[in-house]
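Right, one structure below, let's go through it.
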Amino acid sequence: MRPTLPNLLALFFAAALSGVAFAEDPPKPPPGLYETREDHDPNGIGVFFMGREIAHVMGHQAADWLERPERDEEEGTDRMVDALKFREGEVVADIGCGSGYVSRKISKKVGATGRIFGVDIQQEMLDLLAKRMAMFRITNVQPVRGAITDPQVPPASCDTMIMVDVYHEFDHPYEMIESMIAGLKPGGRIVFVEYRGEDPEVPIKLVHKMTEAQVKKEMTVHPQLSFSESLEDLPRQHIIIFKKE
């Protein structure tokens, strides 16, 4: 039976009172950006964005890999956080935060007056994030359940949005970046940390790596962003920074 208008209004107000938000439609991508191919890498989803195959998302079952003891030596994560010069009081979104390994490091830089939105689409990851923040007595990290097209942070709220080995797994990269731009303050920055696709010696599956040229190519469809700089201080990854005009 079709709901009547009064019933629909009642559902709407009940959702509003319970804190449930009605998501807006994601931004529409220009035609031709996405392509589906049957012949593709088994580690990818068979959907290509501007010529690059999108990788499968790493599930929460592999969260221990994010916390491996040798990670800082392999990736130089402390060096990465230092290179980005986070400020006291800064508002940061750690997109695809997982168990919070990077959020923990940034939390020290932004201090008690700063805030970190720990964004993930997997509730299991957010549960791990909350446990680890409690274990380390970190109070400036706020878990946020994101969507595949929207990080679900407040509009114009963030100074920095960082993605560490995450962007290449976005199912809807165009829509997600557009939503992230909306969550940035004017002059805010989006930071890509991606394993170097140019280097065959980096021991990561091909679809989980990106070249600097490909990242720049994919950002050309977002005119609100301008390239700022690339930092090549890390053992295996690019740091590629764009700013919101």
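Within each chain, counting starts at residue 1; across the structure tokens, chains are named A, B, ... in the order shown, with ligands numbered 1 upward in that order.
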
Exercise. Which residues come within 9 Å of Val164 in chain A, counting only C-alpha atoms, excluding same-chain residues fewer than 4 positions away, as a list in words?
Worked result: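 With the cut-off at 9 Å, the set is Asp94, Ile95, Gly96, Cys97, Val102, Val191, Phe192, Val193 and Glu194 of chain A.
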
Problem set entry | Near-Phe48 in chain A list (10 Å; only C-alpha atoms; drop same-chain fewer than 6 positions) as a list in words | Leu33, Tyr34, Glu35, Thr36, Arg37, His40, Ile54, Ala55 and Asp171 of chain A

Problem set entry | Distance in Å - CA of Thr139 in chain A versus CA of Gln123 in chain A | 19.1 Å

Exercise. Which residues in range 23-244 of chain A does DSSP call strand (DSSP E or B)? List them as JSON, numbers by chain.
Worked result: {"A": [34, 35, 36, 44, 45, 46, 47, 48, 49, 52, 53, 54, 55, 91, 92, 93, 94, 95, 115, 116, 117, 118, 119, 120, 141, 142, 143, 144, 145, 147, 150, 158, 159, 160, 161, 162, 163, 164, 184, 185, 186, 187, 188, 189, 190, 191, 192, 193, 194, 195, 196, 210, 225, 226, 227, 228, 229, 230, 231, 237, 238, 239, 240, 241, 242, 243, 244]}

For this session: Looking only at alpha helix (DSSP H) from DSSP on the backbone, list the matching residues of range 4-234 of chain A as a PyMOL selection string.
Result: chain A and resi 5-17+63-66+71-75+77-83+101-110+123-135+173-183+212-219

Seminar exercise, completed: Counting only C-alpha atoms, closest pick from A:Gly59, A:Ala112, A:Phe117, A:Glu169 relative to Pro151 in chain A is A:Phe117

Exercise. Could you name the residues that touch Met125 in chain A at 7 Å or less, counting only C-alpha atoms, but leaving out those on the same chain fewer than 3 positions away, as a ChimeraX atom specification?
Worked result: /A:60,98-99,120,122,128-129

Output all heavy atoms of each residue in that selection to a file, as a compact mmCIF listing (two decimals), in the first residue's frame.
# COMPACT_ATOMS: atom_id res chain seq x y z
N HIS A 60 37.73 -4.61 7.33
CA HIS A 60 38.14 -4.44 8.73
C HIS A 60 38.88 -5.68 9.24
O HIS A 60 39.62 -5.59 10.23
CB HIS A 60 36.92 -4.18 9.60
CG HIS A 60 35.95 -5.32 9.66
ND1 HIS A 60 34.96 -5.52 8.71
CD2 HIS A 60 35.82 -6.34 10.54
CE1 HIS A 60 34.27 -6.60 9.02
NE2 HIS A 60 34.77 -7.12 10.11
N GLY A 98 40.33 3.99 9.31
CA GLY A 98 40.61 2.65 9.81
C GLY A 98 40.62 2.62 11.33
O GLY A 98 39.74 3.17 11.99
N SER A 99 41.64 2.02 11.90
CA SER A 99 41.75 1.89 13.36
C SER A 99 42.30 3.14 14.02
O SER A 99 42.42 3.18 15.25
CB SER A 99 42.65 0.69 13.69
OG SER A 99 43.94 0.87 13.10
N ASP A 120 35.13 6.76 8.37
CA ASP A 120 35.25 5.46 7.72
C ASP A 120 33.85 4.98 7.35
O ASP A 120 32.87 5.36 8.01
CB ASP A 120 35.94 4.44 8.62
CG ASP A 120 36.70 3.39 7.82
OD1 ASP A 120 36.04 2.48 7.26
OD2 ASP A 120 37.94 3.47 7.72
N GLN A 122 33.12 1.74 7.31
CA GLN A 122 32.91 0.47 8.00
C GLN A 122 32.74 0.72 9.50
O GLN A 122 33.67 1.22 10.16
CB GLN A 122 34.10 -0.48 7.77
CG GLN A 122 34.35 -0.82 6.31
CD GLN A 122 35.55 -1.73 6.14
OE1 GLN A 122 35.52 -2.89 6.51
NE2 GLN A 122 36.63 -1.20 5.57
N LEU A 128 36.83 0.02 16.30
CA LEU A 128 38.25 -0.11 16.64
C LEU A 128 38.87 1.26 16.94
O LEU A 128 39.67 1.40 17.87
CB LEU A 128 39.01 -0.77 15.49
CG LEU A 128 38.80 -2.26 15.27
CD1 LEU A 128 39.46 -2.70 13.96
CD2 LEU A 128 39.39 -3.05 16.43
N LEU A 129 38.50 2.25 16.13
CA LEU A 129 38.99 3.62 16.36
C LEU A 129 38.64 4.09 17.76
O LEU A 129 39.51 4.60 18.50
CB LEU A 129 38.39 4.55 15.31
CG LEU A 129 38.66 6.05 15.50
CD1 LEU A 129 40.09 6.38 15.15
CD2 LEU A 129 37.69 6.87 14.64

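If you measure from each of A:Arg137, A:His172, A:Lys243, A:Arg132 to Met50 in chain A using only C-alpha atoms, the closest one turns out to be A:His172.
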
For this session: Find the residues near Gly89 in chain A: any atom within 6 Å, counting only C-alpha atoms, skip ones fewer than 4 places away on the same chain, and give them as an MDAnalysis selection string.
Result: chainID A and resid 110 113:114

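Counting only C-alpha atoms, the residue from A:Glu67, A:Glu212, A:Glu53, A:Glu90 that sits nearest to Glu38 in chain A is A:Glu53.
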
For this session: Rank nothing, just name the residue among A:Pro42, A:Gly118, A:Pro29, A:Pro223 nearest to Val91 in chain A, using only C-alpha atoms.
Result: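 Ranking A:Pro42, A:Gly118, A:Pro29, A:Pro223 by distance to Val91 in chain A, first place goes to A:Gly118.
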
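Residue nearest Ala134 in chain A, chosen from A:Gly44, A:Gly100, A:Pro31, A:Pro154 and counting only C-alpha atoms: A:Gly100.
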
For this session: Fewer than 5 positions away in the same chain doesn't count, so skip those; otherwise give me all residues within 12 Å of Glu201 in chain A, counting only C-alpha atoms, as a ChimeraX atom specification.
Result: /A:195-196,206,209,235-237

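Residue neighbourhood of range 80-85 of chain A, excluding near-sequence residues (fewer than 6 positions): Asp72, Val102, Ser103, Lys105, Ile106, Lys109, Val110, Thr160, Ile162, Val191, Val193, Leu231, Glu232, Asp233, Leu234, Gln237, His238, Ile239 and Ile241 of chain A, at 10 Å, using only C-alpha atoms.
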
Exercise. Looking at only C-alpha atoms, which of A:Asp64, A:Gly51, A:Ile181, A:Ile116 is the one that sits closest to Gly32 in chain A?
Worked result: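 Distance minimum relative to Gly32 in chain A lands on A:Gly51.
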
For this session: Quote the spacing between CA of Asp159 in chain A and CA of Leu184 in chain A in Å to one decimal place.
Result: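 Straight-line distance from CA of Asp159 in chain A to CA of Leu184 in chain A works out to 6.2 Å.
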